[in-house]
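structure.pdb (PDB, C-alpha atoms and all ligand atoms) appears below.
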```pdb
MODEL        1
ATOM      1  CA  MET A 142    -137.521   8.780   1.131  1.00  0.00           C
ATOM      2  CA  LYS A 143    -138.538  12.086  -0.464  1.00  0.00           C
ATOM      3  CA  VAL A 144    -138.378  12.547  -4.209  1.00  0.00           C
ATOM      4  CA  ALA A 145    -138.826  16.158  -5.392  1.00  0.00           C
ATOM      5  CA  ILE A 146    -139.765  16.827  -9.006  1.00  0.00           C
ATOM      6  CA  ASP A 147    -139.979  20.477 -10.019  1.00  0.00           C
ATOM      7  CA  GLY A 148    -140.356  22.100 -13.399  1.00  0.00           C
ATOM      8  CA  PRO A 149    -142.594  24.192 -15.643  1.00  0.00           C
ATOM      9  CA  ALA A 150    -146.141  23.294 -16.707  1.00  0.00           C
ATOM     10  CA  GLY A 151    -146.341  20.391 -19.129  1.00  0.00           C
ATOM     11  CA  SER A 152    -142.777  19.162 -18.622  1.00  0.00           C
ATOM     12  CA  GLY A 153    -144.143  15.708 -17.766  1.00  0.00           C
ATOM     13  CA  LYS A 154    -143.889  16.010 -13.972  1.00  0.00           C
ATOM     14  CA  SER A 155    -147.349  14.559 -13.284  1.00  0.00           C
ATOM     15  CA  THR A 156    -146.964  11.542 -15.551  1.00  0.00           C
ATOM     16  CA  VAL A 157    -143.468  10.789 -14.268  1.00  0.00           C
ATOM     17  CA  ALA A 158    -144.360  11.301 -10.584  1.00  0.00           C
ATOM     18  CA  LYS A 159    -147.416   9.074 -10.971  1.00  0.00           C
ATOM     19  CA  ALA A 160    -145.329   6.304 -12.554  1.00  0.00           C
ATOM     20  CA  ILE A 161    -142.695   6.506  -9.805  1.00  0.00           C
ATOM     21  CA  ALA A 162    -145.343   6.428  -7.073  1.00  0.00           C
ATOM     22  CA  LYS A 163    -146.854   3.290  -8.576  1.00  0.00           C
ATOM     23  CA  ARG A 164    -143.576   1.517  -9.329  1.00  0.00           C
ATOM     24  CA  CYS A 165    -141.856   2.293  -6.011  1.00  0.00           C
ATOM     25  CA  GLY A 166    -144.868   2.431  -3.664  1.00  0.00           C
ATOM     26  CA  LEU A 167    -144.504   6.099  -2.688  1.00  0.00           C
ATOM     27  CA  THR A 168    -147.343   8.482  -1.881  1.00  0.00           C
ATOM     28  CA  LEU A 169    -147.980  10.866  -4.777  1.00  0.00           C
ATOM     29  CA  LEU A 170    -148.185  14.532  -3.806  1.00  0.00           C
ATOM     30  CA  ASP A 171    -149.484  16.765  -6.623  1.00  0.00           C
ATOM     31  CA  THR A 172    -148.936  20.246  -5.182  1.00  0.00           C
ATOM     32  CA  GLY A 173    -150.240  21.983  -8.324  1.00  0.00           C
ATOM     33  CA  ALA A 174    -153.609  20.330  -7.628  1.00  0.00           C
ATOM     34  CA  MET A 175    -153.562  21.984  -4.199  1.00  0.00           C
ATOM     35  CA  TYR A 176    -153.037  25.500  -5.608  1.00  0.00           C
ATOM     36  CA  ARG A 177    -155.671  24.758  -8.242  1.00  0.00           C
ATOM     37  CA  SER A 178    -158.110  23.657  -5.510  1.00  0.00           C
ATOM     38  CA  ALA A 179    -157.453  26.862  -3.562  1.00  0.00           C
ATOM     39  CA  ALA A 180    -158.166  28.893  -6.729  1.00  0.00           C
ATOM     40  CA  LEU A 181    -161.390  26.942  -7.311  1.00  0.00           C
ATOM     41  CA  ALA A 182    -162.508  27.493  -3.703  1.00  0.00           C
ATOM     42  CA  CYS A 183    -162.012  31.261  -4.172  1.00  0.00           C
ATOM     43  CA  LEU A 184    -163.980  31.327  -7.441  1.00  0.00           C
ATOM     44  CA  LYS A 185    -166.814  29.296  -5.864  1.00  0.00           C
ATOM     45  CA  ARG A 186    -167.027  31.725  -2.975  1.00  0.00           C
ATOM     46  CA  GLY A 187    -166.916  34.758  -5.262  1.00  0.00           C
ATOM     47  CA  VAL A 188    -163.701  36.009  -3.644  1.00  0.00           C
ATOM     48  CA  ALA A 189    -161.800  38.585  -5.725  1.00  0.00           C
ATOM     49  CA  LEU A 190    -158.413  37.054  -6.530  1.00  0.00           C
ATOM     50  CA  ASP A 191    -156.611  40.329  -5.856  1.00  0.00           C
ATOM     51  CA  ASP A 192    -158.043  40.407  -2.315  1.00  0.00           C
ATOM     52  CA  ALA A 193    -154.902  38.793  -0.852  1.00  0.00           C
ATOM     53  CA  GLU A 194    -156.155  38.538   2.729  1.00  0.00           C
ATOM     54  CA  THR A 195    -159.480  36.879   1.915  1.00  0.00           C
ATOM     55  CA  VAL A 196    -157.801  34.537  -0.584  1.00  0.00           C
ATOM     56  CA  ALA A 197    -155.317  33.525   2.135  1.00  0.00           C
ATOM     57  CA  ALA A 198    -158.147  32.998   4.631  1.00  0.00           C
ATOM     58  CA  VAL A 199    -159.839  30.642   2.144  1.00  0.00           C
ATOM     59  CA  ALA A 200    -156.554  28.731   1.659  1.00  0.00           C
ATOM     60  CA  ARG A 201    -156.156  28.282   5.414  1.00  0.00           C
ATOM     61  CA  GLU A 202    -159.752  27.110   5.819  1.00  0.00           C
ATOM     62  CA  ILE A 203    -160.029  24.489   3.058  1.00  0.00           C
ATOM     63  CA  LYS A 204    -159.095  20.830   3.406  1.00  0.00           C
ATOM     64  CA  ILE A 205    -157.551  19.214   0.366  1.00  0.00           C
ATOM     65  CA  SER A 206    -157.059  15.472   0.244  1.00  0.00           C
ATOM     66  CA  PHE A 207    -156.086  12.834  -2.285  1.00  0.00           C
ATOM     67  CA  VAL A 208    -157.651   9.435  -2.763  1.00  0.00           C
ATOM     68  CA  PRO A 209    -155.367   7.012  -4.635  1.00  0.00           C
ATOM     69  CA  GLY A 210    -156.912   5.220  -7.620  1.00  0.00           C
ATOM     70  CA  GLU A 211    -155.857   2.646 -10.184  1.00  0.00           C
ATOM     71  CA  ASP A 212    -155.566   5.121 -13.069  1.00  0.00           C
ATOM     72  CA  ARG A 213    -155.430   8.519 -11.398  1.00  0.00           C
ATOM     73  CA  GLN A 214    -155.951   9.953  -7.952  1.00  0.00           C
ATOM     74  CA  THR A 215    -159.102  11.788  -6.963  1.00  0.00           C
ATOM     75  CA  VAL A 216    -158.712  15.299  -5.541  1.00  0.00           C
ATOM     76  CA  LEU A 217    -161.173  16.195  -2.787  1.00  0.00           C
ATOM     77  CA  LEU A 218    -161.833  19.794  -1.775  1.00  0.00           C
ATOM     78  CA  ASP A 219    -163.674  19.763   1.545  1.00  0.00           C
ATOM     79  CA  GLY A 220    -164.874  16.276   0.656  1.00  0.00           C
ATOM     80  CA  GLU A 221    -166.100  17.170  -2.847  1.00  0.00           C
ATOM     81  CA  ASP A 222    -164.531  15.537  -5.923  1.00  0.00           C
ATOM     82  CA  VAL A 223    -162.882  18.391  -7.878  1.00  0.00           C
ATOM     83  CA  THR A 224    -160.480  16.253  -9.969  1.00  0.00           C
ATOM     84  CA  ASP A 225    -161.896  17.544 -13.287  1.00  0.00           C
ATOM     85  CA  ALA A 226    -163.083  20.960 -12.084  1.00  0.00           C
ATOM     86  CA  ILE A 227    -159.509  22.078 -11.315  1.00  0.00           C
ATOM     87  CA  ARG A 228    -158.250  21.320 -14.859  1.00  0.00           C
ATOM     88  CA  THR A 229    -160.073  24.005 -16.845  1.00  0.00           C
ATOM     89  CA  PRO A 230    -158.645  27.050 -18.699  1.00  0.00           C
ATOM     90  CA  GLU A 231    -160.452  29.241 -16.128  1.00  0.00           C
ATOM     91  CA  ILE A 232    -158.486  27.634 -13.279  1.00  0.00           C
ATOM     92  CA  ASP A 233    -155.247  27.748 -15.351  1.00  0.00           C
ATOM     93  CA  LYS A 234    -155.637  31.545 -15.194  1.00  0.00           C
ATOM     94  CA  ALA A 235    -157.029  31.940 -11.668  1.00  0.00           C
ATOM     95  CA  VAL A 236    -154.237  29.831 -10.135  1.00  0.00           C
ATOM     96  CA  THR A 237    -151.509  32.344 -11.054  1.00  0.00           C
ATOM     97  CA  PRO A 238    -152.450  35.124  -8.567  1.00  0.00           C
ATOM     98  CA  VAL A 239    -153.514  32.562  -5.947  1.00  0.00           C
ATOM     99  CA  SER A 240    -150.173  30.697  -6.071  1.00  0.00           C
ATOM    100  CA  ALA A 241    -148.218  33.981  -6.004  1.00  0.00           C
ATOM    101  CA  ASN A 242    -149.822  34.873  -2.648  1.00  0.00           C
ATOM    102  CA  PRO A 243    -147.191  34.198   0.097  1.00  0.00           C
ATOM    103  CA  ALA A 244    -149.811  33.447   2.777  1.00  0.00           C
ATOM    104  CA  VAL A 245    -151.490  30.911   0.498  1.00  0.00           C
ATOM    105  CA  ARG A 246    -148.118  29.240  -0.062  1.00  0.00           C
ATOM    106  CA  GLU A 247    -147.489  29.114   3.676  1.00  0.00           C
ATOM    107  CA  ALA A 248    -150.805  27.323   4.233  1.00  0.00           C
ATOM    108  CA  MET A 249    -150.207  24.870   1.367  1.00  0.00           C
ATOM    109  CA  VAL A 250    -146.620  24.075   2.430  1.00  0.00           C
ATOM    110  CA  LEU A 251    -147.885  23.208   5.933  1.00  0.00           C
ATOM    111  CA  GLN A 252    -150.354  20.706   4.448  1.00  0.00           C
ATOM    112  CA  GLN A 253    -147.653  19.338   2.104  1.00  0.00           C
ATOM    113  CA  ARG A 254    -145.139  18.777   4.913  1.00  0.00           C
ATOM    114  CA  ALA A 255    -147.843  17.089   7.029  1.00  0.00           C
ATOM    115  CA  ILE A 256    -148.388  14.610   4.171  1.00  0.00           C
ATOM    116  CA  GLY A 257    -144.599  14.157   3.910  1.00  0.00           C
ATOM    117  CA  GLU A 258    -144.374  13.298   7.589  1.00  0.00           C
ATOM    118  CA  GLN A 259    -146.608  10.293   7.088  1.00  0.00           C
ATOM    119  CA  GLY A 260    -144.084   8.384   4.941  1.00  0.00           C
ATOM    120  CA  ASP A 261    -142.243   8.203   1.633  1.00  0.00           C
ATOM    121  CA  VAL A 262    -143.470  10.640  -1.007  1.00  0.00           C
ATOM    122  CA  VAL A 263    -142.817  11.701  -4.549  1.00  0.00           C
ATOM    123  CA  ALA A 264    -143.882  15.338  -4.734  1.00  0.00           C
ATOM    124  CA  GLU A 265    -144.191  17.431  -7.862  1.00  0.00           C
ATOM    125  CA  GLY A 266    -144.479  21.186  -8.183  1.00  0.00           C
ATOM    126  CA  ARG A 267    -142.364  24.328  -8.495  1.00  0.00           C
ATOM    127  CA  ASP A 268    -140.757  24.733  -5.054  1.00  0.00           C
ATOM    128  CA  ILE A 269    -140.467  21.176  -3.717  1.00  0.00           C
ATOM    129  CA  GLY A 270    -136.669  20.942  -3.798  1.00  0.00           C
ATOM    130  CA  THR A 271    -136.151  24.567  -2.741  1.00  0.00           C
ATOM    131  CA  VAL A 272    -138.831  25.133  -0.063  1.00  0.00           C
ATOM    132  CA  VAL A 273    -141.152  22.224   0.748  1.00  0.00           C
ATOM    133  CA  PHE A 274    -138.604  19.393   1.102  1.00  0.00           C
ATOM    134  CA  PRO A 275    -135.129  20.977   0.898  1.00  0.00           C
ATOM    135  CA  ASP A 276    -133.727  17.760   2.409  1.00  0.00           C
ATOM    136  CA  ALA A 277    -135.237  15.492  -0.261  1.00  0.00           C
ATOM    137  CA  GLU A 278    -132.834  12.661  -1.100  1.00  0.00           C
ATOM    138  CA  VAL A 279    -133.619  12.958  -4.822  1.00  0.00           C
ATOM    139  CA  LYS A 280    -134.235  16.283  -6.569  1.00  0.00           C
ATOM    140  CA  VAL A 281    -135.088  16.570 -10.231  1.00  0.00           C
ATOM    141  CA  PHE A 282    -135.714  19.667 -12.342  1.00  0.00           C
ATOM    142  CA  LEU A 283    -137.700  18.448 -15.327  1.00  0.00           C
ATOM    143  CA  THR A 284    -137.940  20.598 -18.450  1.00  0.00           C
ATOM    144  CA  ALA A 285    -139.100  20.249 -22.053  1.00  0.00           C
ATOM    145  CA  ASP A 286    -139.308  22.702 -24.927  1.00  0.00           C
ATOM    146  CA  PRO A 287    -142.552  24.746 -25.075  1.00  0.00           C
ATOM    147  CA  ALA A 288    -143.845  23.083 -28.262  1.00  0.00           C
ATOM    148  CA  ALA A 289    -143.532  19.599 -26.725  1.00  0.00           C
ATOM    149  CA  ARG A 290    -145.186  20.786 -23.509  1.00  0.00           C
ATOM    150  CA  ALA A 291    -148.103  22.456 -25.351  1.00  0.00           C
ATOM    151  CA  LEU A 292    -148.757  19.342 -27.449  1.00  0.00           C
ATOM    152  CA  ARG A 293    -148.782  17.150 -24.325  1.00  0.00           C
ATOM    153  CA  ARG A 294    -151.308  19.407 -22.588  1.00  0.00           C
ATOM    154  CA  ALA A 295    -153.540  19.615 -25.688  1.00  0.00           C
ATOM    155  CA  VAL A 296    -153.568  15.826 -26.088  1.00  0.00           C
ATOM    156  CA  GLN A 297    -154.177  15.430 -22.333  1.00  0.00           C
ATOM    157  CA  ARG A 298    -157.180  17.745 -22.576  1.00  0.00           C
ATOM    158  CA  ASP A 299    -158.603  15.481 -25.311  1.00  0.00           C
ATOM    159  CA  GLY A 300    -158.210  12.496 -22.975  1.00  0.00           C
ATOM    160  CA  GLY A 301    -154.938  11.137 -24.456  1.00  0.00           C
ATOM    161  CA  ASP A 302    -151.349  10.924 -23.270  1.00  0.00           C
ATOM    162  CA  ALA A 303    -148.709  12.253 -25.695  1.00  0.00           C
ATOM    163  CA  ALA A 304    -145.900  11.170 -23.390  1.00  0.00           C
ATOM    164  CA  LYS A 305    -146.980   7.567 -23.901  1.00  0.00           C
ATOM    165  CA  ASP A 306    -148.216   7.842 -27.490  1.00  0.00           C
ATOM    166  CA  ALA A 307    -145.582   9.421 -29.757  1.00  0.00           C
ATOM    167  CA  THR A 308    -148.065   9.629 -32.653  1.00  0.00           C
ATOM    168  CA  ALA A 309    -150.670  11.652 -30.701  1.00  0.00           C
ATOM    169  CA  THR A 310    -151.778  14.865 -32.393  1.00  0.00           C
ATOM    170  CA  ALA A 311    -154.064  17.743 -31.438  1.00  0.00           C
ATOM    171  CA  ASP A 312    -155.832  20.660 -33.059  1.00  0.00           C
ATOM    172  CA  GLN A 313    -153.159  23.225 -34.074  1.00  0.00           C
ATOM    173  CA  SER A 314    -155.057  26.278 -32.846  1.00  0.00           C
ATOM    174  CA  ALA A 315    -155.600  24.573 -29.471  1.00  0.00           C
ATOM    175  CA  VAL A 316    -151.859  23.825 -29.264  1.00  0.00           C
ATOM    176  CA  ALA A 317    -150.996  27.467 -30.090  1.00  0.00           C
ATOM    177  CA  GLU A 318    -153.430  28.760 -27.450  1.00  0.00           C
ATOM    178  CA  ILE A 319    -152.080  26.376 -24.809  1.00  0.00           C
ATOM    179  CA  MET A 320    -148.490  27.277 -25.686  1.00  0.00           C
ATOM    180  CA  ALA A 321    -149.219  30.989 -25.193  1.00  0.00           C
ATOM    181  CA  ASP A 322    -150.760  30.215 -21.807  1.00  0.00           C
ATOM    182  CA  LEU A 323    -147.852  27.956 -20.769  1.00  0.00           C
ATOM    183  CA  ILE A 324    -145.344  30.691 -21.639  1.00  0.00           C
ATOM    184  CA  ARG A 325    -147.430  33.236 -19.692  1.00  0.00           C
ATOM    185  CA  ARG A 326    -147.537  30.925 -16.646  1.00  0.00           C
ATOM    186  CA  ASP A 327    -143.822  30.064 -16.795  1.00  0.00           C
ATOM    187  CA  GLU A 328    -143.005  33.765 -16.844  1.00  0.00           C
ATOM    188  CA  ALA A 329    -145.353  34.483 -13.905  1.00  0.00           C
ATOM    189  CA  ASP A 330    -144.164  31.437 -11.908  1.00  0.00           C
ATOM    190  CA  SER A 331    -140.470  32.210 -12.505  1.00  0.00           C
ATOM    191  CA  THR A 332    -140.562  35.918 -11.747  1.00  0.00           C
ATOM    192  CA  ARG A 333    -142.893  36.045  -8.711  1.00  0.00           C
ATOM    193  CA  ALA A 334    -141.333  37.034  -5.380  1.00  0.00           C
ATOM    194  CA  ALA A 335    -142.727  34.118  -3.331  1.00  0.00           C
ATOM    195  CA  SER A 336    -141.011  30.766  -4.006  1.00  0.00           C
ATOM    196  CA  PRO A 337    -140.436  31.288  -7.725  1.00  0.00           C
ATOM    197  CA  LEU A 338    -139.989  28.350 -10.079  1.00  0.00           C
ATOM    198  CA  LYS A 339    -136.263  27.667 -10.002  1.00  0.00           C
ATOM    199  CA  PRO A 340    -134.073  24.599  -9.718  1.00  0.00           C
ATOM    200  CA  ALA A 341    -132.586  23.721  -6.336  1.00  0.00           C
ATOM    201  CA  GLU A 342    -128.795  24.021  -6.449  1.00  0.00           C
ATOM    202  CA  ASP A 343    -128.467  20.267  -5.982  1.00  0.00           C
ATOM    203  CA  ALA A 344    -131.208  19.293  -8.447  1.00  0.00           C
ATOM    204  CA  VAL A 345    -130.429  17.054 -11.412  1.00  0.00           C
ATOM    205  CA  HIS A 346    -131.737  18.600 -14.664  1.00  0.00           C
ATOM    206  CA  ILE A 347    -133.557  16.307 -17.078  1.00  0.00           C
ATOM    207  CA  ASP A 348    -134.894  17.525 -20.453  1.00  0.00           C
ATOM    208  CA  SER A 349    -137.833  15.295 -21.364  1.00  0.00           C
ATOM    209  CA  SER A 350    -138.468  16.735 -24.885  1.00  0.00           C
ATOM    210  CA  ASP A 351    -137.016  13.693 -26.638  1.00  0.00           C
ATOM    211  CA  LYS A 352    -137.403  11.116 -23.882  1.00  0.00           C
ATOM    212  CA  THR A 353    -140.183   8.655 -23.229  1.00  0.00           C
ATOM    213  CA  VAL A 354    -141.838   8.460 -19.820  1.00  0.00           C
ATOM    214  CA  ASP A 355    -140.077   5.159 -19.199  1.00  0.00           C
ATOM    215  CA  GLU A 356    -136.676   6.694 -19.924  1.00  0.00           C
ATOM    216  CA  VAL A 357    -137.238   9.580 -17.499  1.00  0.00           C
ATOM    217  CA  VAL A 358    -138.671   7.254 -14.841  1.00  0.00           C
ATOM    218  CA  GLY A 359    -135.678   4.933 -15.297  1.00  0.00           C
ATOM    219  CA  LEU A 360    -133.243   7.791 -14.690  1.00  0.00           C
ATOM    220  CA  ILE A 361    -135.042   8.846 -11.516  1.00  0.00           C
ATOM    221  CA  VAL A 362    -135.379   5.293 -10.159  1.00  0.00           C
ATOM    222  CA  LYS A 363    -131.612   4.899 -10.635  1.00  0.00           C
ATOM    223  CA  MET A 364    -131.062   8.123  -8.657  1.00  0.00           C
ATOM    224  CA  MET A 365    -133.326   6.730  -5.914  1.00  0.00           C
ATOM    225  CA  GLU A 366    -131.342   3.496  -5.760  1.00  0.00           C
ATOM    226  CA  GLU A 367    -128.087   5.437  -5.513  1.00  0.00           C
ATOM    227  CA  ALA A 368    -129.509   7.620  -2.723  1.00  0.00           C
ATOM    228  CA  ARG A 369    -130.572   4.666  -0.544  1.00  0.00           C
TER     229      ARG A 369
HETATM  230  O1  LIG B 401    -148.456  21.875 -12.031  1.00  0.00           O
HETATM  231  P1  LIG B 401    -149.759  22.614 -12.290  1.00  0.00           P
HETATM  232  O2  LIG B 401    -149.844  23.181 -13.694  1.00  0.00           O
HETATM  233  O3  LIG B 401    -150.971  21.823 -11.947  1.00  0.00           O
HETATM  234  O4  LIG B 401    -149.729  23.860 -11.288  1.00  0.00           O
HETATM  235  C1  LIG B 401    -150.744  24.827 -11.275  1.00  0.00           C
HETATM  236  C2  LIG B 401    -150.184  26.187 -10.897  1.00  0.00           C
HETATM  237  O5  LIG B 401    -149.821  26.195  -9.519  1.00  0.00           O
HETATM  238  C3  LIG B 401    -148.961  26.622 -11.689  1.00  0.00           C
HETATM  239  O6  LIG B 401    -149.305  27.683 -12.563  1.00  0.00           O
HETATM  240  C4  LIG B 401    -147.966  27.091 -10.667  1.00  0.00           C
HETATM  241  C5  LIG B 401    -148.573  26.810  -9.330  1.00  0.00           C
HETATM  242  N1  LIG B 401    -147.750  25.954  -8.477  1.00  0.00           N
HETATM  243  C6  LIG B 401    -146.895  26.560  -7.601  1.00  0.00           C
HETATM  244  O7  LIG B 401    -146.792  27.782  -7.589  1.00  0.00           O
HETATM  245  N2  LIG B 401    -146.160  25.813  -6.729  1.00  0.00           N
HETATM  246  C7  LIG B 401    -146.250  24.481  -6.733  1.00  0.00           C
HETATM  247  N3  LIG B 401    -145.520  23.778  -5.872  1.00  0.00           N
HETATM  248  C8  LIG B 401    -147.110  23.827  -7.652  1.00  0.00           C
HETATM  249  C9  LIG B 401    -147.843  24.600  -8.529  1.00  0.00           C
ENDMDL
END
```
Show me, as structure tokens, the structure contained in the file I just sent.
Ligand code: DC
Amino acid sequence: MKVAIDGPAGSGKSTVAKAIAKRCGLTLLDTGAMYRSAALACLKRGVALDDAETVAAVAREIKISFVPGEDRQTVLLDGEDVTDAIRTPEIDKAVTPVSANPAVREAMVLQQRAIGEQGDVVAEGRDIGTVVFPDAEVKVFLTADPAARALRRAVQRDGGDAAKDATATADQSAVAEIMADLIRRDEADSTRAASPLKPAEDAVHIDSSDKTVDEVVGLIVKMMEEAR
């Protein structure tokens, strides 16, 4: 079975996909981590991000893999643990031009489909239901209002999980800064020519602003049972 979860940054995709993978025994495919790893590889090599051909060559050359763990999965870029290095504000910015590059997307989609061929997956990203796995049995478009998304990211950056802890708070100026960046990324992701962020026609829309992780996971598990 393929479960596709698309949506904007901070909508809760990662937390929900992780919970479904654990509960239902599916492989977790975090495609955002792949674009982030490609951006990191370019920065490490000193490649100018507007040099589309060299950026694409880097994306074709790198090997990204995931090692499942109890709490979170480890992301390996050519064998090196980059799990934390890909979650910095610098990468948040660098990933936008890298993920808008059609040749980069082609290379990443090939790797994503190869992982999908190995068995059941829950994949999260922006183009899973539209491009990567258009035949996915379950397609979800997960959204949340920008304020809720910014708070979740700010708490996450401090090591917490606002989706699990309703009382979690974060520094207001950090939340405002993250919200501005989320809005900038949503705009860039939704308006780019190559595989823009948009719901598949047959995707089920879920707004997670006022829902707990368990509620969202419950809805998706029910969809999975109905699709079997
Ligand atoms: O989900 P995330 O924030 O880790 O994703 C990082 C960036 O990668 C995001 O700005 C959009 C891009 N992305 C994409 O274009 N297509 C995907 N399938 C996943 C992520």
**Message:** Running the PyMOL selection byres (((chain A and resi 203-209) around 10) and not hetatm) on this model by hand, what would come out? Give it as a ChimeraX atom specification.
**Reply:** /A:168-171,174-176,178-179,182,198-202,210-224,248-249,252,256
**Request:** Counting all atoms listed in the file, name the residues that have an atom within 6 Å of an atom of ligand LIG 401 (chain B); the answer should be given as a ChimeraX atom specification.
**Result:** /A:150,172-174,176-177,236-237,240,266-268,326,330
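Every polymer residue reaching to within 12 Å of (-144.0, 10.8, 5.9), counting all atoms listed in the file, appears in this list: Met142, Lys143, Val144, Leu167, Thr168, Leu169, Leu170, Gln252, Gln253, Arg254, Ala255, Ile256, Gly257, Glu258, Gln259, Gly260, Asp261, Val262, Val263, Ala264, Phe274 and Ala277 of chain A.
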**Message:** When you look at Glu342 in chain A with a cut-off of 10 Å (counting only C-alpha atoms), what residues show up, excluding the ones that are within fewer than 6 positions of it in the same chain? I need them as a list in words.
**Reply:** Gly270, Thr271 and Lys280 of chain A
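For the residues A:Ala285, A:Ala368, A:Ala334, A:Ile319, ranking by smallest atom-to-atom distance to Lys154 in chain A using only C-alpha atoms places A:Ala285 first.
When the distance limit is 7 Å and only C-alpha atoms are what count, the residues near range 315-318 of chain A, minus those fewer than 4 positions from it on the same chain, are Ala291, Leu292, Ala295, Ala311 and Asp322 of chain A.
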**Request:** Around the point (-144.1, 5.9, -12.9) in the file's coordinates, collect all residues with an atom within 10 Å, using all atoms listed in the file, and return them as a VMD selection string.
**Result:** chain A and resid 155 to 166 354 to 355 357 to 359 361 to 362
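Between CA of Arg294 in chain A and CA of Glu328 in chain A lies a distance of 17.6 Å.
Run against this file, the PyMOL selection byres (((chain A and resi 369) around 10) and not hetatm) gives back Met142, Glu278, Val279, Met364, Met365, Glu366, Glu367 and Ala368 of chain A.
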Written file, previous selection with C-alpha atoms, as an mmCIF file, in the frame of the given file:
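What follows is the written file part-v8.cif:
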```
data_model
loop_
_atom_site.group_PDB
_atom_site.id
_atom_site.type_symbol
_atom_site.label_atom_id
_atom_site.label_comp_id
_atom_site.auth_asym_id
_atom_site.auth_seq_id
_atom_site.Cartn_x
_atom_site.Cartn_y
_atom_site.Cartn_z
ATOM 1 C CA MET A 142 -137.521 8.780 1.131
ATOM 2 C CA GLU A 278 -132.834 12.661 -1.100
ATOM 3 C CA VAL A 279 -133.619 12.958 -4.822
ATOM 4 C CA MET A 364 -131.062 8.123 -8.657
ATOM 5 C CA MET A 365 -133.326 6.730 -5.914
ATOM 6 C CA GLU A 366 -131.342 3.496 -5.760
ATOM 7 C CA GLU A 367 -128.087 5.437 -5.513
ATOM 8 C CA ALA A 368 -129.509 7.620 -2.723
#
```
**Complete:** Across A:His346, A:Arg246, A:Arg325, A:Arg298, the smallest distance to Ser152 in chain A, with only C-alpha atoms counted, is shown by A:His346
**Expansion of the PyMOL selection byres (((chain A and resi 348) around 7) and not hetatm) into residues, as a ChimeraX atom specification** = /A:283-285,346-347,349-350
**Asked** Contacts of Arg333 in chain A at 10 Å or less, counting all atoms listed in the file, minus same-chain residues fewer than 4 places along, as a PyMOL selection string?
**Response** chain A and resi 237-238+240-243+328-329+337-338
**Top pick for closest residue to Ala289 in chain A, considering A:Glu231, A:Asp351, A:Asp306, A:Glu247 and counting all atoms listed in the file** = A:Asp351
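Computed from the coordinates, the CA of Pro340 in chain A to CA of Phe282 in chain A distance equals 5.8 Å.
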**Request:** Might you pull out every residue within 12 Å of Thr308 in chain A, with all atoms listed in the file counted and same-chain residues fewer than 4 positions away left off, and present them as number ranges by chain?
**Result:** A: 292-293, 296, 301-304
Exercise on range 244-259 of chain A, axis-aligned box with 6 Å per side, report centre and edge lengths in Å to one decimal, as AutoDock Vina command-line options:
```
--center_x -147.9 --center_y 21.9 --center_z 3.8 --size_x 19.1 --size_y 35.2 --size_z 19.7
```
**Prompt:** When you draw a straight line from CA of Leu190 in chain A to CA of Val250 in chain A, how long is it in Å?
**Reply:** 19.7 Å
